[in-house]
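Next up, run.json (JSON, C-alpha atoms):
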[["chain", "number", "residue", "atom", "x", "y", "z"],
["A", 848, "MET", "CA", 0.00, 0.00, 0.00],
["A", 849, "VAL", "CA", 1.50, 3.28, -1.09],
["A", 850, "GLU", "CA", 1.12, 6.17, 1.25],
["A", 851, "THR", "CA", 0.61, 9.53, -0.35],
["A", 852, "ALA", "CA", 2.19, 12.43, 1.45],
["A", 853, "LEU", "CA", -0.13, 15.22, 2.27],
["A", 854, "PRO", "CA", 1.00, 18.62, 1.07],
["A", 855, "ALA", "CA", 2.51, 20.65, 3.85],
["A", 856, "GLU", "CA", 0.46, 23.53, 5.09],
["A", 857, "PRO", "CA", 1.86, 26.86, 3.99],
["A", 858, "ARG", "CA", 3.48, 28.78, 6.80],
["A", 859, "ARG", "CA", 1.39, 31.64, 7.94],
["A", 860, "PRO", "CA", 3.30, 34.85, 8.14],
["A", 861, "ASP", "CA", 3.61, 36.24, 11.61],
["A", 862, "PRO", "CA", 1.20, 39.08, 12.11],
["A", 863, "VAL", "CA", 2.78, 42.50, 12.20],
["A", 864, "GLY", "CA", 1.34, 43.09, 15.63],
["A", 865, "SER", "CA", 3.33, 40.23, 17.16],
["A", 866, "ARG", "CA", 6.53, 42.08, 16.35],
["A", 867, "TRP", "CA", 5.49, 44.94, 18.58],
["A", 868, "ALA", "CA", 3.77, 42.85, 21.24],
["A", 869, "PRO", "CA", 6.79, 42.72, 23.62],
["A", 870, "TYR", "CA", 7.19, 46.50, 23.52],
["A", 871, "ALA", "CA", 3.47, 47.04, 24.06],
["A", 872, "ALA", "CA", 3.49, 44.65, 27.01],
["A", 873, "VAL", "CA", 6.37, 46.51, 28.68],
["A", 874, "LEU", "CA", 4.75, 49.90, 28.14],
["A", 875, "ASN", "CA", 1.42, 48.63, 29.43],
["A", 876, "SER", "CA", 3.07, 47.32, 32.60],
["A", 877, "ARG", "CA", 4.80, 50.67, 33.19],
["A", 878, "ILE", "CA", 1.54, 52.58, 32.77],
["A", 879, "ARG", "CA", -0.38, 50.25, 35.09],
["A", 880, "ALA", "CA", 2.36, 50.49, 37.70],
["A", 881, "GLN", "CA", 2.16, 54.30, 37.72],
["A", 882, "ARG", "CA", -1.62, 54.36, 37.94],
["A", 883, "SER", "CA", -1.78, 51.83, 40.76],
["A", 884, "TYR", "CA", -0.45, 54.37, 43.29],
["A", 885, "ARG", "CA", -3.01, 57.10, 42.76],
["A", 886, "LEU", "CA", -1.85, 59.56, 45.39],
["A", 887, "SER", "CA", 1.74, 59.40, 44.22],
["A", 888, "PHE", "CA", 0.62, 59.67, 40.59],
["A", 889, "ALA", "CA", -1.51, 62.73, 41.38],
["A", 890, "GLY", "CA", 1.45, 64.33, 43.12],
["A", 891, "GLU", "CA", 3.70, 63.72, 40.13],
["A", 892, "ILE", "CA", 1.12, 65.20, 37.77],
["A", 893, "LEU", "CA", 0.77, 68.27, 40.00],
["A", 894, "ALA", "CA", 4.55, 68.72, 40.19],
["A", 895, "ALA", "CA", 4.92, 68.41, 36.42],
["A", 896, "THR", "CA", 2.10, 70.93, 35.90],
["A", 897, "LEU", "CA", 3.75, 73.41, 38.24],
["A", 898, "LEU", "CA", 7.05, 72.93, 36.41],
["A", 899, "GLY", "CA", 5.37, 73.74, 33.11],
["A", 900, "LEU", "CA", 3.74, 76.82, 34.62],
["A", 901, "VAL", "CA", 7.07, 78.01, 36.05],
["A", 902, "GLU", "CA", 8.70, 77.66, 32.63],
["A", 903, "PHE", "CA", 5.91, 79.68, 31.08],
["A", 904, "ALA", "CA", 6.21, 82.27, 33.87],
["A", 905, "GLU", "CA", 9.87, 82.79, 32.93],
["A", 906, "VAL", "CA", 8.93, 83.63, 29.35],
["A", 907, "TRP", "CA", 5.98, 85.75, 30.48],
["A", 908, "LEU", "CA", 8.19, 87.85, 32.77],
["A", 909, "ILE", "CA", 10.76, 88.39, 30.00],
["A", 910, "PHE", "CA", 8.17, 89.64, 27.52],
["A", 911, "ARG", "CA", 6.30, 91.64, 30.15],
["A", 912, "GLN", "CA", 9.44, 93.64, 30.85],
["A", 913, "ALA", "CA", 10.69, 93.87, 27.26],
["A", 914, "LYS", "CA", 7.22, 94.33, 25.64],
["A", 915, "VAL", "CA", 8.71, 93.47, 22.24],
["A", 916, "LEU", "CA", 11.66, 91.11, 21.90],
["A", 917, "GLY", "CA", 13.15, 90.09, 18.59],
["A", 918, "GLY", "CA", 10.14, 91.54, 16.78],
["A", 919, "LEU", "CA", 7.66, 89.46, 18.81],
["A", 920, "ASP", "CA", 5.21, 90.74, 21.42],
["A", 921, "MET", "CA", 3.53, 88.90, 24.28],
["A", 922, "ASP", "CA", 0.79, 87.38, 22.10],
["A", 923, "ALA", "CA", 3.36, 86.07, 19.65],
["A", 924, "ALA", "CA", 5.36, 84.72, 22.59],
["A", 925, "LEU", "CA", 2.36, 82.57, 23.53],
["A", 926, "LEU", "CA", 2.48, 80.96, 20.11],
["A", 927, "LEU", "CA", 6.26, 80.59, 20.31],
["A", 928, "PHE", "CA", 6.16, 78.96, 23.75],
["A", 929, "GLY", "CA", 3.21, 76.72, 22.93],
["A", 930, "LEU", "CA", 4.74, 75.30, 19.75],
["A", 931, "SER", "CA", 8.19, 74.73, 21.20],
["A", 932, "ASN", "CA", 7.08, 73.24, 24.50],
["A", 933, "LEU", "CA", 4.42, 71.01, 22.95],
["A", 934, "ALA", "CA", 7.06, 69.56, 20.62],
["A", 935, "PHE", "CA", 9.55, 69.13, 23.45],
["A", 936, "ALA", "CA", 7.00, 67.60, 25.84],
["A", 937, "SER", "CA", 5.99, 65.07, 23.18],
["A", 938, "ALA", "CA", 9.61, 64.09, 22.58],
["A", 939, "GLN", "CA", 10.34, 63.96, 26.31],
["A", 940, "LEU", "CA", 7.36, 61.68, 26.85],
["A", 941, "VAL", "CA", 8.79, 59.14, 24.41],
["A", 942, "CYS", "CA", 12.56, 59.59, 24.72],
["A", 943, "GLY", "CA", 13.16, 61.64, 27.87],
["A", 944, "HIS", "CA", 14.12, 58.60, 29.96],
["A", 945, "LEU", "CA", 17.16, 57.99, 27.72],
["A", 946, "ASP", "CA", 19.04, 60.26, 30.14],
["A", 947, "LYS", "CA", 19.08, 57.23, 32.50],
["A", 948, "LEU", "CA", 21.52, 55.50, 30.14],
["A", 949, "PRO", "CA", 24.66, 56.48, 32.16],
["A", 950, "ALA", "CA", 23.28, 54.63, 35.20],
["A", 951, "LEU", "CA", 22.62, 51.52, 33.10],
["A", 952, "ILE", "CA", 26.16, 51.64, 31.73],
["A", 953, "ARG", "CA", 27.79, 52.07, 35.15],
["A", 954, "LEU", "CA", 25.76, 49.25, 36.72],
["A", 955, "GLY", "CA", 26.33, 46.92, 33.78],
["A", 956, "MET", "CA", 22.59, 46.61, 33.22],
["A", 957, "LEU", "CA", 22.84, 47.66, 29.57],
["A", 958, "ASP", "CA", 24.25, 44.20, 28.80],
["A", 959, "ILE", "CA", 20.78, 42.78, 29.43],
["A", 960, "TYR", "CA", 19.41, 44.80, 26.50],
["A", 961, "HIS", "CA", 22.14, 43.41, 24.22],
["A", 962, "LEU", "CA", 21.09, 39.83, 25.01],
["A", 963, "ARG", "CA", 17.56, 40.33, 23.73],
["A", 964, "PRO", "CA", 16.76, 39.89, 20.02],
["A", 965, "GLN", "CA", 15.47, 43.45, 19.62],
["A", 966, "PRO", "CA", 17.25, 46.71, 18.75],
["A", 967, "VAL", "CA", 18.80, 48.21, 21.87],
["A", 968, "LEU", "CA", 17.58, 51.73, 21.15],
["A", 969, "LEU", "CA", 14.00, 50.60, 20.61],
["A", 970, "GLN", "CA", 14.13, 48.60, 23.85],
["A", 971, "LEU", "CA", 15.37, 51.64, 25.76],
["A", 972, "ILE", "CA", 12.71, 53.91, 24.27],
["A", 973, "THR", "CA", 9.91, 51.51, 25.17],
["A", 974, "SER", "CA", 11.35, 50.64, 28.59],
["A", 975, "ASP", "CA", 9.56, 53.52, 30.30],
["A", 976, "PHE", "CA", 6.63, 55.86, 29.78],
["A", 977, "SER", "CA", 6.23, 58.60, 32.39],
["A", 978, "LEU", "CA", 2.61, 59.70, 32.36],
["A", 979, "ARG", "CA", 3.47, 62.74, 34.50],
["A", 980, "ARG", "CA", 5.10, 64.30, 31.44],
["A", 981, "LEU", "CA", 1.68, 64.60, 29.85],
["A", 982, "ALA", "CA", 1.07, 67.50, 32.25],
["A", 983, "ARG", "CA", 3.83, 69.56, 30.67],
["A", 984, "GLY", "CA", 2.33, 68.93, 27.26],
["A", 985, "GLY", "CA", -1.08, 69.96, 28.62],
["A", 986, "VAL", "CA", 0.30, 73.32, 29.79],
["A", 987, "ALA", "CA", 1.93, 73.85, 26.39],
["A", 988, "LEU", "CA", -1.31, 72.95, 24.60],
["A", 989, "VAL", "CA", -3.30, 75.49, 26.65],
["A", 990, "VAL", "CA", -0.72, 78.21, 25.97],
["A", 991, "LEU", "CA", -0.70, 77.34, 22.26],
["A", 992, "ALA", "CA", -4.50, 77.56, 22.13],
["A", 993, "ALA", "CA", -4.34, 80.98, 23.80],
["A", 994, "GLY", "CA", -1.73, 82.10, 21.28],
["A", 995, "LEU", "CA", -3.86, 80.97, 18.34],
["A", 996, "VAL", "CA", -6.86, 82.88, 19.72],
["A", 997, "ARG", "CA", -5.11, 86.10, 20.73],
["A", 998, "ASN", "CA", -3.10, 86.55, 17.53],
["A", 999, "ASP", "CA", -4.57, 87.87, 14.31],
["A", 1000, "ILE", "CA", -3.93, 84.84, 12.11],
["A", 1001, "GLU", "CA", -5.01, 84.59, 8.50],
["A", 1002, "TRP", "CA", -6.31, 81.03, 8.55],
["A", 1003, "SER", "CA", -5.92, 78.84, 5.50],
["A", 1004, "VAL", "CA", -5.19, 75.23, 4.63],
["A", 1005, "GLY", "CA", -1.51, 76.12, 4.44],
["A", 1006, "THR", "CA", -1.58, 77.55, 7.96],
["A", 1007, "VAL", "CA", -3.17, 74.41, 9.41],
["A", 1008, "VAL", "CA", -0.73, 72.18, 7.53],
["A", 1009, "LEU", "CA", 2.22, 74.26, 8.75],
["A", 1010, "LEU", "CA", 1.10, 74.04, 12.38],
["A", 1011, "LEU", "CA", 0.62, 70.27, 12.23],
["A", 1012, "LEU", "CA", 3.92, 69.84, 10.40],
["A", 1013, "THR", "CA", 5.66, 72.01, 12.98],
["A", 1014, "VAL", "CA", 4.40, 70.07, 16.00],
["A", 1015, "ILE", "CA", 5.15, 66.64, 14.49],
["A", 1016, "SER", "CA", 8.54, 67.56, 13.03],
["A", 1017, "GLY", "CA", 9.47, 69.54, 16.15],
["A", 1018, "ALA", "CA", 8.77, 66.50, 18.33],
["A", 1019, "LEU", "CA", 10.89, 64.33, 16.04],
["A", 1020, "LEU", "CA", 13.68, 66.91, 16.14],
["A", 1021, "PHE", "CA", 13.80, 66.98, 19.94],
["A", 1022, "ALA", "CA", 13.56, 63.17, 20.04],
["A", 1023, "GLY", "CA", 16.60, 63.05, 17.77],
["A", 1024, "LEU", "CA", 18.48, 65.33, 20.16],
["A", 1025, "PHE", "CA", 17.67, 62.98, 23.05],
["A", 1026, "VAL", "CA", 19.17, 60.11, 21.04],
["A", 1027, "VAL", "CA", 22.25, 62.21, 20.21],
["A", 1028, "ALA", "CA", 22.69, 62.92, 23.92],
["A", 1029, "ALA", "CA", 22.29, 59.22, 24.72],
["A", 1030, "GLY", "CA", 24.91, 58.28, 22.14],
["A", 1031, "CYS", "CA", 27.36, 60.72, 23.70],
["A", 1032, "GLN", "CA", 26.93, 59.00, 27.09],
["A", 1033, "PHE", "CA", 28.82, 55.95, 25.84],
["A", 1034, "PHE", "CA", 31.90, 58.17, 25.78],
["A", 1035, "LEU", "CA", 31.13, 60.57, 28.65],
["A", 1036, "ILE", "CA", 29.42, 58.20, 31.13],
["A", 1037, "ASP", "CA", 29.04, 60.95, 33.76],
["A", 1038, "GLY", "CA", 28.48, 63.79, 31.31],
["A", 1039, "ALA", "CA", 24.70, 64.06, 31.61],
["A", 1040, "GLU", "CA", 24.98, 67.72, 32.61],
["A", 1041, "LEU", "CA", 26.82, 68.48, 29.38],
["A", 1042, "THR", "CA", 24.31, 66.73, 27.13],
["A", 1043, "ASN", "CA", 21.35, 68.17, 29.06],
["A", 1044, "SER", "CA", 22.59, 71.61, 28.12],
["A", 1045, "PHE", "CA", 21.77, 70.72, 24.51],
["A", 1046, "THR", "CA", 18.45, 68.96, 25.13],
["A", 1047, "TYR", "CA", 16.85, 70.92, 27.96],
["A", 1048, "GLY", "CA", 18.92, 74.00, 27.13],
["A", 1049, "GLY", "CA", 17.78, 73.68, 23.54],
["A", 1050, "SER", "CA", 14.20, 73.55, 24.77],
["A", 1051, "PHE", "CA", 14.64, 76.89, 26.55],
["A", 1052, "ALA", "CA", 16.39, 78.41, 23.53],
["A", 1053, "ALA", "CA", 13.44, 77.36, 21.37],
["A", 1054, "THR", "CA", 11.12, 79.55, 23.47],
["A", 1055, "GLN", "CA", 13.18, 82.66, 22.62],
["A", 1056, "PRO", "CA", 13.33, 84.58, 19.32],
["A", 1057, "ALA", "CA", 16.45, 83.39, 17.51],
["A", 1058, "SER", "CA", 17.12, 86.93, 16.30],
["A", 1059, "VAL", "CA", 18.14, 88.07, 19.81],
["A", 1060, "PHE", "CA", 21.05, 85.63, 19.98],
["A", 1061, "PRO", "CA", 24.58, 86.66, 18.97],
["A", 1062, "THR", "CA", 25.89, 85.19, 15.74],
["A", 1063, "PRO", "CA", 27.65, 82.14, 17.28],
["A", 1064, "LEU", "CA", 24.47, 81.13, 19.10],
["A", 1065, "ARG", "CA", 22.39, 81.72, 15.97],
["A", 1066, "ILE", "CA", 24.61, 79.27, 14.12],
["A", 1067, "LEU", "CA", 24.31, 76.82, 17.01],
["A", 1068, "PHE", "CA", 20.51, 76.94, 17.34],
["A", 1069, "CYS", "CA", 19.70, 77.36, 13.65],
["A", 1070, "VAL", "CA", 22.23, 74.99, 12.06],
["A", 1071, "ALA", "CA", 24.08, 72.67, 14.45],
["A", 1072, "ILE", "CA", 21.19, 72.13, 16.89],
["A", 1073, "PRO", "CA", 18.31, 73.57, 14.84],
["A", 1074, "VAL", "CA", 15.78, 74.14, 17.64],
["A", 1075, "ALA", "CA", 14.80, 77.49, 16.10],
["A", 1076, "PHE", "CA", 12.86, 75.50, 13.50],
["A", 1077, "THR", "CA", 10.56, 74.04, 16.15],
["A", 1078, "ALA", "CA", 8.76, 77.32, 16.90],
["A", 1079, "TYR", "CA", 10.50, 80.57, 15.92],
["A", 1080, "PHE", "CA", 10.32, 80.29, 12.14],
["A", 1081, "PRO", "CA", 6.81, 78.78, 12.18],
["A", 1082, "THR", "CA", 5.65, 81.63, 14.45],
["A", 1083, "LEU", "CA", 6.98, 84.18, 11.95],
["A", 1084, "ALA", "CA", 5.27, 82.37, 9.07],
["A", 1085, "VAL", "CA", 1.91, 81.93, 10.82],
["A", 1086, "LEU", "CA", 1.82, 85.60, 11.89],
["A", 1087, "GLY", "CA", 2.95, 86.82, 8.49],
["A", 1088, "LEU", "CA", 6.12, 88.47, 9.82],
["A", 1089, "PRO", "CA", 9.07, 88.85, 7.44],
["A", 1090, "GLY", "CA", 11.78, 87.84, 9.91],
["A", 1091, "PRO", "CA", 15.18, 89.46, 10.39],
["A", 1092, "ALA", "CA", 17.94, 89.56, 7.80],
["A", 1093, "GLY", "CA", 19.32, 86.10, 7.19],
["A", 1094, "LEU", "CA", 16.40, 84.40, 8.97],
["A", 1095, "PRO", "CA", 13.42, 84.58, 6.57],
["A", 1096, "SER", "CA", 10.06, 83.22, 7.68],
["A", 1097, "TRP", "CA", 9.83, 80.74, 4.78],
["A", 1098, "LEU", "CA", 12.38, 78.62, 6.63],
["A", 1099, "ALA", "CA", 9.39, 77.40, 8.64],
["A", 1100, "TRP", "CA", 8.65, 74.91, 5.86],
["A", 1101, "CYS", "CA", 12.13, 73.42, 6.31],
["A", 1102, "VAL", "CA", 11.33, 72.01, 9.74],
["A", 1103, "PRO", "CA", 11.17, 68.41, 8.37],
["A", 1104, "LEU", "CA", 14.70, 68.91, 7.00],
["A", 1105, "ALA", "CA", 15.84, 70.12, 10.42],
["A", 1106, "ALA", "CA", 14.28, 67.03, 12.02],
["A", 1107, "GLY", "CA", 16.01, 64.84, 9.43],
["A", 1108, "TRP", "CA", 19.33, 66.53, 10.23],
["A", 1109, "ALA", "CA", 18.80, 65.84, 13.96],
["A", 1110, "TRP", "CA", 18.11, 62.16, 13.28],
["A", 1111, "LEU", "CA", 21.13, 61.90, 10.99],
["A", 1112, "LEU", "CA", 23.26, 63.13, 13.88],
["A", 1113, "ALA", "CA", 21.40, 60.72, 16.17],
["A", 1114, "ALA", "CA", 22.07, 57.73, 13.90],
["A", 1115, "VAL", "CA", 25.76, 58.56, 13.60],
["A", 1116, "MET", "CA", 26.23, 59.26, 17.31],
["A", 1117, "TRP", "CA", 24.30, 56.17, 18.41],
["A", 1118, "ARG", "CA", 26.24, 53.91, 16.04],
["A", 1119, "LEU", "CA", 29.57, 55.31, 17.23],
["A", 1120, "GLY", "CA", 28.49, 54.99, 20.86],
["A", 1121, "THR", "CA", 27.28, 51.39, 20.65],
["A", 1122, "ARG", "CA", 30.44, 50.36, 18.80],
["A", 1123, "HIS", "CA", 32.52, 52.02, 21.51],
["A", 1124, "TYR", "CA", 30.64, 50.21, 24.29],
["A", 1125, "GLN", "CA", 32.61, 47.27, 25.69],
["A", 1126, "SER", "CA", 30.17, 45.89, 28.28],
["A", 1127, "GLY", "CA", 30.04, 46.63, 31.97],
["A", 1128, "GLY", "CA", 31.69, 43.33, 32.86],
["A", 1129, "GLY", "CA", 28.61, 42.08, 34.67]]
Could you express the structure from this file as C-alpha cells?
Amino acid sequence: MVETALPAEPRRPDPVGSRWAPYAAVLNSRIRAQRSYRLSFAGEILAATLLGLVEFAEVWLIFRQAKVLGGLDMDAALLLFGLSNLAFASAQLVCGHLDKLPALIRLGMLDIYHLRPQPVLLQLITSDFSLRRLARGGVALVVLAAGLVRNDIEWSVGTVVLLLLTVISGALLFAGLFVVAAGCQFFLIDGAELTNSFTYGGSFAATQPASVFPTPLRILFCVAIPVAFTAYFPTLAVLGLPGPAGLPSWLAWCVPLAAGWAWLLAAVMWRLGTRHYQSGGG
C-alpha cells in the first residue's frame, strides 16, 4: 500500500502586531504600575504641571518687561512657547528617559538589552513611559490655544498644515536630540549635565526669538542644533512676519529637514556609541 504524502500547510506569516507585542506589554506594565499608586501619581502630575507653569512664567516675565523682543510681542510669545514646549514635551514623553543611560552603563545593566533579540535603542525607548510628562504637554497645549486665539492669524489650509507639520517635526527633532545625547553618554558616562545643556537648554532656547542671539548662538541653534525650526520660524510664518535679515520666515517649511538633520546626527552618534561600548563586565 502506497502512502501519499499530504501537502505541507503553507506557513502563515507572523502578524505584524506580534513584532510589537513585547514592547506594548512593557509599556502597558509601566503605565499600570504608575496608575496603581493614585496619590503618588496625582502628586507627580501636579509637580509636572507646576514645572510647566514656572517655565511659562519665565517667558511671560521676560516679555512683560521687554514688551517686544526680537520683533515678537507677548501674544506672539504665547504661540512661540506653545509650539516649542508642545514639541519638546511630546519628545520627552517618548525619549526623555534615555538620560538614564549612564546609570545603566555604570551598573552593567545595559548588557541585558544586548542579550535580547530586539534593537537596543527601541528597547530603551519603550522601557519607560512617564505619564506625568503629559502634564507639561497639557500646559503647552493650553498656551498654544491661547496664542492661536489672541493673535490675528489669516487662517488657510496652508496655515493648518504648517502648524501640524511644525508640532510633528518639532517633536521628532527633539527626540533626535535625546538620542544624540544618549549616544554621547557611551563616551562621557558621567556627562549628563553636558548633554542636558543641549536637550533641555535647547528647549529653553526654542522659546526665545532666535534673532536676539549673537551670531555664534544663531549658528548653534539654527544649524548645528536647529531648535529654532521648532517654533520661531513657524511663528513668523503663521503671523505673516518677514523675519530678520538672514532668517526669513519661509524657513518654517524646512522644519522636516531640520528634524532629518537631527536624526542623521542621532544615527551617527548612536552607532559610534554602541560600537565604543565594551560591556560593563557584569
Could you work out how far atom CA of Leu1019 of chain A lies from atom CA of Lys947 of chain A, giving the answer in Å with one decimal?
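One can read the atom CA of Lys947 of chain A to atom CA of Leu1019 of chain A distance as 19.7 Å.
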Using all atoms listed in the file, pick whichever of A:Ala1092, A:Gly1023, A:Leu1086, A:Pro1081 has the shortest atom-to-atom distance to Val1115 of chain A.
A:Gly1023
Between atom CA of Ser883 of chain A and atom CA of Ser977 of chain A, distance in Å (one decimal):
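Taking atom CA of Ser883 of chain A as the start and atom CA of Ser977 of chain A as the end point, the length is 13.4 Å.
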From the list A:Gly955, A:Pro1095, A:Gly918, A:Pro1056, which residue is nearest Val1074 of chain A when using only C-alpha atoms?
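Of the candidates, the smallest distance to Val1074 of chain A is held by A:Pro1056.
The spacing separating atom CA of Ile1072 of chain A from atom CA of Leu957 of chain A amounts to 27.6 Å.
Restricting the calculation to all atoms listed in the file, the smallest distance between Leu1083 of chain A and any of A:Ser1016, A:Thr1006, A:Thr1062, A:Gln1125 is found for A:Thr1006.
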If you count all atoms listed in the file, which residues fall within 7 Å of segment 894-905 of chain A, apart from same-chain ones fewer than 3 positions away, as a list in words?
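With the cut-off at 7 Å, the set is Gly890, Glu891, Leu908, Ile909, Arg979, Arg980, Ala982, Arg983 and Val986 of chain A.
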Spatial neighbours of Gly1107 of chain A, max dist 9 Å, all atoms listed in the file, sep filter under 2 positions, as a PyMOL selection string:
chain A and resi 1016+1019-1020+1023+1102-1105+1109-1112
When distances are computed from all atoms listed in the file, which of A:Leu1094, A:Cys942, A:Leu1088, A:Met1116 shows the smallest separation from Ser1058 of chain A?
A:Leu1094
Just want the 10 Å neighbourhood of Gly917 of chain A, counted on only C-alpha atoms, with same-chain residues fewer than 6 positions away dropped. Output as a ChimeraX atom specification.
/A:1055-1060,1090-1091
Determine the nearest neighbour of Phe1051 of chain A from the options A:Ala1078, A:Ala1114, A:Val1070, A:Leu971, counting only C-alpha atoms.
A:Ala1078
Option closest in space to Leu1041 of chain A, from A:Ile1066, A:Leu1009, A:Ala1029, A:Leu968 [counting all atoms listed in the file]:
A:Ala1029
Would you kindly identify which residues have an atom no farther than 12 Å from (30.1, 50.7, 37.3), using only C-alpha atoms and the file's own coordinates, and write them out as number ranges by chain?
A: 949-957, 1036-1037, 1126-1129
Considering only C-alpha atoms, return as a list of chain:residue names whatever protein or nucleic-acid residues lie within 7 Å of segment 925-941 of chain A, sequence-local ones (same chain, fewer than 5 positions apart) excluded.
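The filter keeps A:Ile972, A:Phe976, A:Ser977, A:Arg980, A:Arg983, A:Gly984, A:Ala987, A:Leu988, A:Val990, A:Leu991, A:Ala993, A:Gly994, A:Leu995, A:Val1014, A:Gly1017, A:Ala1018, A:Leu1019, A:Phe1021, A:Ala1022, A:Ser1050, A:Ala1053, A:Thr1054, A:Thr1077, A:Ala1078, A:Tyr1079, A:Thr1082.
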